[in-house]
Amino acid sequence: MAIKPDAAPLLEVRDLTVNFDVARGKVRAVAGVSFDLAPGETLGLVGESGCGKTVTALSILRLLQTPPAEVTGVIRFQGEDLTTCPEARMRQIRGDRIAMVFQEPMTALNPVLTIGEQVAEALRLHRGMSHPEAWREAAAALTRVGFPDASHRLGQYPHQLSGGLRQRALMAMALACDPDLLIADEPTTALDVTIQAQILALLARLKAELGLAVLFITHNLGIVAQTADRVAVMYAGLMVEVASTEELFRHPNHPYTVGLLNSVPRLDFSHPPGEILSAIAGHLPAEPPSGCLFRDRCPLAHGRCREEPPWVEVGPGHQVRCWNYV
Amino acid sequence: MSELLEAQDLSCYFRLAGAWGKGPVLKAVDGVSFALNPGETLGLVGESGCGKSTLGRLALALLPPTRGRIIFAGEDLARVSHKHLKELRRQIQIIFQDPYSSLNPRMTAGQILEEPFVIHNLGRRPERRAWVEELLTEVGLTADVADRYPHEFIGGQRQRLGIARALALKPRLIVADEPVSALDVSIQAQILNLLAELQQRHGLTYLFISHDLGVISQISNRVAVMYVGRLMEMASREVLAAGRLHPYTEALLAAVPRPTPERTYNPPILKGEPPSPVNVPPGCPFHPRCPEAQFPLCRESVPALRETAPDHRVACHFR
């Protein structure tokens, strides 16, 4: 696979913390997240709503408004610290070296601009192409993502396209400048399963062709299992487990990861219908408890869990934030 | 007749508005027949726009069929009197997908759960209050939340409230329209468990609509697969686990990435997208995307949904 542990990381995130100022005080969305991403690697970032996975992605691109957001920590991309570089430099990086595709292809596209204009924009800004040049290149970019009849569709508006084609248009925009890192935030969640299969196949092909590193954010454990090289599981703003994909799905360690995997219905029709799933009890607490954030819902919680659990190395490249593995 | 619900050649068409008056006809449901036995769960699966929600609304008599009949406990829902329909509706309830928009934000949980009794003129105030408490505990909430408004509940609890409302009148049939699709996977598992327990306890029959095959596999006794308004396949769990299925069902099953350590995901990629129900392809509606289609047969002749084995009906020329 594309894992190159010896290569210098493309992206280094160290102790990323994001707080939001809200009327009733401060809300901690991300609480000290650290990870590396190697060139060409796909890291799956999984977790349920509100776990901080999207906020993590947005802070890498510095897309959060500050205030109300308050971002601390280090984000180094190709050796350059993105948290301190000037905004003008950030604008050069966004859409050129780091691109992002969003979940909702209807709201992520501008409804009053044609697809061609939106794909060509990045090429004009980052590559200094003239309008006709950028237009031609946009057609090529759309063809590359499997857009049927691309040169004709350049003049179409987002509302004239189906959900699957809109997502392809977003991918064409993101990949027009041949970025090194693609951040994909739930790119297939709004799509039907046969269209999702098309988009996942497209992403796999583009990764192989372009040597793209991907930060794939999703709540879907199946997608992560089948597409990522490594997986990071987030809960309540914290990374609770990181491992290579096969290791994580073969030997999940953190009680939350185990619970999450047990919550996914098995798709084989071999069990009795309505068989009780061993679900995680309760729900994400509004006020995070002291110590381990998962202890209120954890079947293995004990006295020690009132203290903050350490980040434990349980195997090569496999780390867990849990007292049970100390 | 032992079926609780039966659809006979059921169709529902909508006439769209055109630029000069009448526009094209949208065939949301087209010639669907099935029966639902008491106590079972029929999973209805399909992609967006395939007509599964319209079928659910037809089963509740919330929409009149254009053609065909929907029969509940031996009575044609389109032919009974208005008064009698109200009586029958006590026995058929619905759980909606979105627990945010299906609860009135200006009513408390207690008022929401009391409303079915008010509408059907059942019991007096103190009695109703007791019933509401019973309902809340039944779905795993505590009686003290009756004074709270929907916005004070989180997604999973709100869906429990929606389920409690559906249970209020002790129905026999519940149409569950994507009841767990808006929920996170850990909460989804809790709600699926709750629905299974309630079915056991009350002998409920579910028409369970979902686009998620995993959820369908978790809860259904039998599964019906819809594509542009038509039933493509109807099969028991046993057939689905081992049998030879409709090419569309096979494609749907293969398209789901599984959370396993084995990298087995390599689905056949279907060409294009589901057709519009306004412009259904001739012959088999799946033929433009079908990897096994043979021409001109599949383009010219509509395959009938026929029984190929016990508990297995398929609409395909090659099954």
# chains A, B, ... in the order shown; residues from 1 in each chain; ligands from 1
$ residues_around --residues "segment 12-23 of chain A" --least-positions-apart "5" --cutoff "12 Å" --atoms "only C-alpha atoms" --output "tab-separated table (two decimals) with C-alpha atoms, in the first residue's frame"
chain	number	residue	atom	x	y	z
A	28	ARG	CA	-14.00	22.72	23.22
A	29	ALA	CA	-14.50	21.15	19.76
A	30	VAL	CA	-11.01	19.68	19.35
A	31	ALA	CA	-8.95	18.90	22.43
A	32	GLY	CA	-5.33	18.37	21.49
A	33	VAL	CA	-5.24	16.28	18.32
A	34	SER	CA	-1.91	15.14	16.84
A	35	PHE	CA	-1.28	13.09	13.72
A	36	ASP	CA	0.96	12.75	10.67
A	37	LEU	CA	0.05	12.10	7.09
A	38	ALA	CA	2.67	10.69	4.71
A	39	PRO	CA	2.73	11.60	1.01
A	51	CYS	CA	-16.59	14.56	17.63
A	52	GLY	CA	-14.55	17.32	16.02
A	53	LYS	CA	-13.54	15.68	12.76
A	54	THR	CA	-14.83	18.44	10.47
A	55	VAL	CA	-13.46	21.19	12.72
A	56	THR	CA	-10.05	19.47	12.53
A	57	ALA	CA	-10.22	19.59	8.72
A	58	LEU	CA	-11.37	23.19	8.61
A	59	SER	CA	-8.60	24.31	10.93
A	60	ILE	CA	-5.96	22.70	8.68
A	61	LEU	CA	-7.15	24.96	5.87
A	62	ARG	CA	-7.65	27.85	8.28
A	64	LEU	CA	-12.63	28.74	10.73
A	65	GLN	CA	-13.58	32.26	11.61
A	66	THR	CA	-11.51	33.56	14.53
A	67	PRO	CA	-13.20	34.61	16.74
A	68	PRO	CA	-15.47	32.80	17.65
A	69	ALA	CA	-12.98	29.99	17.02
A	70	GLU	CA	-9.69	29.93	18.90
A	71	VAL	CA	-7.14	27.62	17.31
A	72	THR	CA	-3.90	26.60	18.99
A	73	GLY	CA	-1.28	24.01	18.12
A	74	VAL	CA	0.97	23.43	15.15
A	75	ILE	CA	-0.06	22.44	11.64
A	76	ARG	CA	2.95	21.86	9.42
A	77	PHE	CA	2.41	21.19	5.72
A	78	GLN	CA	5.51	20.31	3.67
A	79	GLY	CA	7.51	21.80	6.53
A	80	GLU	CA	5.64	25.11	6.55
A	81	ASP	CA	3.64	26.12	9.62
A	82	LEU	CA	0.12	26.92	8.43
A	83	THR	CA	-0.97	28.44	11.73
A	237	GLY	CA	-12.76	16.19	20.35
A	238	LEU	CA	-10.04	13.67	21.16
A	239	MET	CA	-8.29	10.99	19.19
$ select_by_dssp --residues "segment 41-106 of chain B" --states "alpha helix (DSSP H)" --output "ChimeraX atom specification"
/B:52-59,82-89
$ select_by_dssp --residues "segment 120-296 of chain A" --states "strand (DSSP E)" --output "list in words"
Leu181, Leu182, Ile183, Ala184, Asp185, Ala213, Val214, Leu215, Phe216, Ile217, Thr218, Arg230, Val231, Ala232, Val233, Met234, Tyr235, Leu238, Met239, Val240, Glu241, Val242, Ala243 and Ser244 of chain A
$ residues_around --residues "Ser270 of chain A" --least-positions-apart "2" --cutoff "10 Å" --atoms "only C-alpha atoms" --output "short mmCIF file (atom, residue, chain, number, x, y, z; two decimals) with N, CA, C and O atoms, in the first residue's frame"
data_model
loop_
_atom_site.label_atom_id
_atom_site.label_comp_id
_atom_site.auth_asym_id
_atom_site.auth_seq_id
_atom_site.Cartn_x
_atom_site.Cartn_y
_atom_site.Cartn_z
N ARG A 266 -24.80 -6.03 10.81
CA ARG A 266 -24.13 -6.93 9.86
C ARG A 266 -24.99 -7.12 8.62
O ARG A 266 -26.18 -7.37 8.73
N LEU A 267 -24.38 -6.99 7.46
CA LEU A 267 -25.16 -7.10 6.23
C LEU A 267 -24.95 -8.47 5.61
O LEU A 267 -24.25 -8.60 4.62
N ASP A 268 -25.50 -9.52 6.22
CA ASP A 268 -25.37 -10.82 5.55
C ASP A 268 -26.62 -11.67 5.68
O ASP A 268 -26.67 -12.78 5.17
N PRO A 272 -30.61 -14.04 13.18
CA PRO A 272 -32.06 -13.88 13.29
C PRO A 272 -32.45 -12.41 13.17
O PRO A 272 -31.71 -11.55 13.66
N PRO A 273 -33.57 -12.09 12.51
CA PRO A 273 -33.95 -10.69 12.36
C PRO A 273 -34.21 -10.05 13.73
O PRO A 273 -34.75 -10.70 14.62
N SER B 217 -31.02 -5.48 6.74
CA SER B 217 -30.58 -6.84 7.08
C SER B 217 -30.74 -7.10 8.58
O SER B 217 -31.03 -8.22 9.00
N GLN B 218 -30.53 -6.06 9.38
CA GLN B 218 -30.61 -6.22 10.82
C GLN B 218 -32.03 -6.61 11.27
O GLN B 218 -32.18 -7.45 12.14
N ARG B 237 -35.02 -13.76 4.23
CA ARG B 237 -33.61 -13.66 4.67
C ARG B 237 -32.79 -14.83 4.14
O ARG B 237 -31.65 -14.66 3.75
N GLU B 238 -33.40 -16.03 4.19
CA GLU B 238 -32.66 -17.22 3.79
C GLU B 238 -32.23 -17.10 2.32
O GLU B 238 -31.10 -17.40 1.97
N LEU B 240 -31.91 -14.28 0.65
CA LEU B 240 -30.95 -13.19 0.52
C LEU B 240 -29.55 -13.61 0.97
O LEU B 240 -28.55 -13.13 0.45
N ALA B 241 -29.51 -14.51 1.96
CA ALA B 241 -28.21 -14.94 2.47
C ALA B 241 -27.50 -15.85 1.48
O ALA B 241 -26.28 -15.84 1.38
N ALA B 242 -28.27 -16.63 0.72
CA ALA B 242 -27.62 -17.67 -0.08
C ALA B 242 -28.08 -17.73 -1.52
O ALA B 242 -27.40 -18.33 -2.36
#
$ residues_around --residues "Leu135 of chain B" --least-positions-apart "5" --cutoff "12 Å" --atoms "only C-alpha atoms" --output "PyMOL selection string"
chain B and resi 109-110+112-114+128-130+140-143+145-146+160-170+198
$ atom_distance --atom1 "atom CA of Pro150 of chain B" --atom2 "atom CA of Leu122 of chain B"
24.0 Å
$ interface_residues --of "chain A" --to "chain B" --cutoff "7 Å" --atoms "only C-alpha atoms" --output "JSON, numbers by chain"
{"A": [48, 49, 192, 193, 194, 197, 198, 221, 222, 223, 225, 226, 246, 249, 250, 260, 263, 264, 265, 266, 267, 268, 269, 270, 273, 274, 276, 277, 279, 280]}
$ residues_around --residues "segment 63-77 of chain B" --least-positions-apart "5" --cutoff "6 Å" --atoms "only C-alpha atoms" --output "count of residues only"
11
$ closest_residue --among "A:Gly155, A:Gly50, A:Gly259, A:Gly116" --to "Ala138 of chain A" --atoms "only C-alpha atoms"
A:Gly116
$ residues_around --residues "Ala315 of chain B" --least-positions-apart "4" --cutoff "7 Å" --atoms "only C-alpha atoms" --output "list in words"
Met232, Glu233, Pro303, Ala304, Leu305 and Arg306 of chain B
$ write_last_selection --atoms "N, CA, C and O atoms" --output "compact mmCIF listing (two decimals), in the first residue's frame"
# COMPACT_ATOMS: atom_id res chain seq x y z
N MET B 232 -38.56 -5.03 -7.80
CA MET B 232 -37.65 -5.85 -8.60
C MET B 232 -37.50 -7.23 -8.00
O MET B 232 -37.20 -8.19 -8.69
N GLU B 233 -37.65 -7.29 -6.67
CA GLU B 233 -37.41 -8.57 -6.01
C GLU B 233 -38.05 -8.56 -4.65
O GLU B 233 -38.17 -7.53 -4.01
N PRO B 303 -40.11 -7.53 -17.52
CA PRO B 303 -40.16 -8.80 -16.81
C PRO B 303 -41.18 -8.76 -15.68
O PRO B 303 -41.24 -7.78 -14.93
N ALA B 304 -42.01 -9.79 -15.57
CA ALA B 304 -43.00 -9.84 -14.50
C ALA B 304 -42.31 -10.30 -13.22
O ALA B 304 -41.30 -11.00 -13.26
N LEU B 305 -42.89 -9.86 -12.09
CA LEU B 305 -42.39 -10.33 -10.80
C LEU B 305 -42.98 -11.72 -10.58
O LEU B 305 -44.16 -11.87 -10.29
N ARG B 306 -42.16 -12.76 -10.78
CA ARG B 306 -42.73 -14.11 -10.66
C ARG B 306 -41.96 -14.92 -9.63
O ARG B 306 -40.79 -14.66 -9.34
$ atom_distance --atom1 "atom CA of Arg313 of chain B" --atom2 "atom CA of Tyr227 of chain B"
14.6 Å
$ residues_around --residues "segment 173-175 of chain A" --least-positions-apart "4" --cutoff "10 Å" --atoms "only C-alpha atoms" --output "PyMOL selection string"
chain A and resi 94-102+109+115-123+138+141-142+144-145+167-169+179-184+206+210+212
$ write_last_selection --atoms "N, CA and C atoms" --output "mmCIF file, in the first residue's frame"
data_model
loop_
_atom_site.group_PDB
_atom_site.id
_atom_site.type_symbol
_atom_site.label_atom_id
_atom_site.label_comp_id
_atom_site.auth_asym_id
_atom_site.auth_seq_id
_atom_site.Cartn_x
_atom_site.Cartn_y
_atom_site.Cartn_z
ATOM 1 N N ARG A 94 -4.341 26.967 -0.426
ATOM 2 C CA ARG A 94 -5.714 26.464 -0.549
ATOM 3 C C ARG A 94 -6.103 26.289 -2.002
ATOM 4 N N GLY A 95 -6.605 25.105 -2.345
ATOM 5 C CA GLY A 95 -7.067 24.878 -3.703
ATOM 6 C C GLY A 95 -5.943 24.532 -4.657
ATOM 7 N N ASP A 96 -4.680 24.767 -4.223
ATOM 8 C CA ASP A 96 -3.561 24.441 -5.091
ATOM 9 C C ASP A 96 -2.793 23.242 -4.529
ATOM 10 N N ARG A 97 -2.239 23.399 -3.289
ATOM 11 C CA ARG A 97 -1.512 22.290 -2.673
ATOM 12 C C ARG A 97 -2.440 21.432 -1.811
ATOM 13 N N ILE A 98 -3.387 22.069 -1.156
ATOM 14 C CA ILE A 98 -4.371 21.338 -0.350
ATOM 15 C C ILE A 98 -5.760 21.688 -0.882
ATOM 16 N N ALA A 99 -6.515 20.684 -1.253
ATOM 17 C CA ALA A 99 -7.869 20.950 -1.739
ATOM 18 C C ALA A 99 -8.863 20.199 -0.861
ATOM 19 N N MET A 100 -10.097 20.638 -0.918
ATOM 20 C CA MET A 100 -11.101 20.005 -0.062
ATOM 21 C C MET A 100 -12.379 19.735 -0.854
ATOM 22 N N VAL A 101 -12.976 18.577 -0.616
ATOM 23 C CA VAL A 101 -14.332 18.351 -1.125
ATOM 24 C C VAL A 101 -15.265 18.189 0.060
ATOM 25 N N PHE A 102 -16.430 18.772 -0.092
ATOM 26 C CA PHE A 102 -17.369 18.828 1.010
ATOM 27 C C PHE A 102 -18.478 17.799 0.847
ATOM 28 N N LEU A 109 -21.289 24.128 -4.108
ATOM 29 C CA LEU A 109 -21.133 24.749 -5.423
ATOM 30 C C LEU A 109 -21.894 26.076 -5.445
ATOM 31 N N ILE A 115 -20.617 25.282 -14.059
ATOM 32 C CA ILE A 115 -19.608 24.328 -13.616
ATOM 33 C C ILE A 115 -18.245 24.708 -14.205
ATOM 34 N N GLY A 116 -18.241 25.078 -15.485
ATOM 35 C CA GLY A 116 -16.990 25.435 -16.146
ATOM 36 C C GLY A 116 -16.292 26.606 -15.456
ATOM 37 N N GLU A 117 -17.054 27.649 -15.144
ATOM 38 C CA GLU A 117 -16.469 28.811 -14.476
ATOM 39 C C GLU A 117 -15.861 28.428 -13.128
ATOM 40 N N GLN A 118 -16.573 27.516 -12.397
ATOM 41 C CA GLN A 118 -16.112 27.168 -11.058
ATOM 42 C C GLN A 118 -14.853 26.321 -11.095
ATOM 43 N N VAL A 119 -14.755 25.432 -12.094
ATOM 44 C CA VAL A 119 -13.548 24.609 -12.195
ATOM 45 C C VAL A 119 -12.401 25.467 -12.729
ATOM 46 N N ALA A 120 -12.710 26.369 -13.672
ATOM 47 C CA ALA A 120 -11.659 27.182 -14.289
ATOM 48 C C ALA A 120 -11.083 28.213 -13.320
ATOM 49 N N GLU A 121 -11.877 28.610 -12.338
ATOM 50 C CA GLU A 121 -11.440 29.655 -11.414
ATOM 51 C C GLU A 121 -10.110 29.303 -10.738
ATOM 52 N N ALA A 122 -10.049 28.057 -10.225
ATOM 53 C CA ALA A 122 -8.828 27.639 -9.537
ATOM 54 C C ALA A 122 -7.639 27.687 -10.488
ATOM 55 N N LEU A 123 -7.848 27.305 -11.747
ATOM 56 C CA LEU A 123 -6.754 27.269 -12.725
ATOM 57 C C LEU A 123 -6.281 28.679 -13.067
ATOM 58 N N ALA A 138 -10.380 23.006 -17.818
ATOM 59 C CA ALA A 138 -11.510 22.599 -16.971
ATOM 60 C C ALA A 138 -12.235 21.404 -17.594
ATOM 61 N N ALA A 141 -10.234 18.466 -16.828
ATOM 62 C CA ALA A 141 -10.370 18.086 -15.419
ATOM 63 C C ALA A 141 -11.683 17.349 -15.183
ATOM 64 N N LEU A 142 -12.747 17.801 -15.838
ATOM 65 C CA LEU A 142 -14.048 17.144 -15.676
ATOM 66 C C LEU A 142 -14.027 15.750 -16.307
ATOM 67 N N ARG A 144 -11.474 13.868 -16.559
ATOM 68 C CA ARG A 144 -10.659 13.016 -15.690
ATOM 69 C C ARG A 144 -11.484 12.417 -14.545
ATOM 70 N N VAL A 145 -12.487 13.137 -14.058
ATOM 71 C CA VAL A 145 -13.313 12.599 -12.973
ATOM 72 C C VAL A 145 -14.557 11.881 -13.509
ATOM 73 N N GLN A 167 -21.046 15.949 -7.230
ATOM 74 C CA GLN A 167 -19.899 15.522 -6.445
ATOM 75 C C GLN A 167 -18.673 15.370 -7.343
ATOM 76 N N ARG A 168 -18.892 14.894 -8.576
ATOM 77 C CA ARG A 168 -17.777 14.788 -9.517
ATOM 78 C C ARG A 168 -17.262 16.175 -9.883
ATOM 79 N N ALA A 169 -18.167 17.148 -10.035
ATOM 80 C CA ALA A 169 -17.743 18.510 -10.348
ATOM 81 C C ALA A 169 -16.878 19.073 -9.222
ATOM 82 N N PRO A 179 -3.333 18.838 -6.526
ATOM 83 C CA PRO A 179 -2.855 19.100 -5.167
ATOM 84 C C PRO A 179 -2.071 17.905 -4.605
ATOM 85 N N ASP A 180 -1.366 18.136 -3.478
ATOM 86 C CA ASP A 180 -0.663 17.045 -2.809
ATOM 87 C C ASP A 180 -1.543 16.388 -1.760
ATOM 88 N N LEU A 181 -2.480 17.175 -1.241
ATOM 89 C CA LEU A 181 -3.344 16.657 -0.175
ATOM 90 C C LEU A 181 -4.797 17.002 -0.494
ATOM 91 N N LEU A 182 -5.635 15.986 -0.405
ATOM 92 C CA LEU A 182 -7.069 16.200 -0.578
ATOM 93 C C LEU A 182 -7.752 15.923 0.756
ATOM 94 N N ILE A 183 -8.521 16.891 1.227
ATOM 95 C CA ILE A 183 -9.331 16.654 2.417
ATOM 96 C C ILE A 183 -10.745 16.386 1.938
ATOM 97 N N ALA A 184 -11.231 15.189 2.199
ATOM 98 C CA ALA A 184 -12.564 14.809 1.740
ATOM 99 C C ALA A 184 -13.459 14.651 2.962
ATOM 100 N N LEU A 206 -7.884 8.036 -8.868
ATOM 101 C CA LEU A 206 -7.167 9.302 -8.850
ATOM 102 C C LEU A 206 -5.989 9.266 -7.873
ATOM 103 N N LEU A 210 -2.435 10.135 -9.297
ATOM 104 C CA LEU A 210 -1.863 11.421 -8.931
ATOM 105 C C LEU A 210 -0.967 11.361 -7.695
ATOM 106 N N LEU A 212 -1.876 11.133 -4.644
ATOM 107 C CA LEU A 212 -2.542 12.071 -3.747
ATOM 108 C C LEU A 212 -2.586 11.519 -2.322
#
$ atom_distance --atom1 "atom CA of Val326 of chain A" --atom2 "atom CA of Arg304 of chain A"
10.8 Å
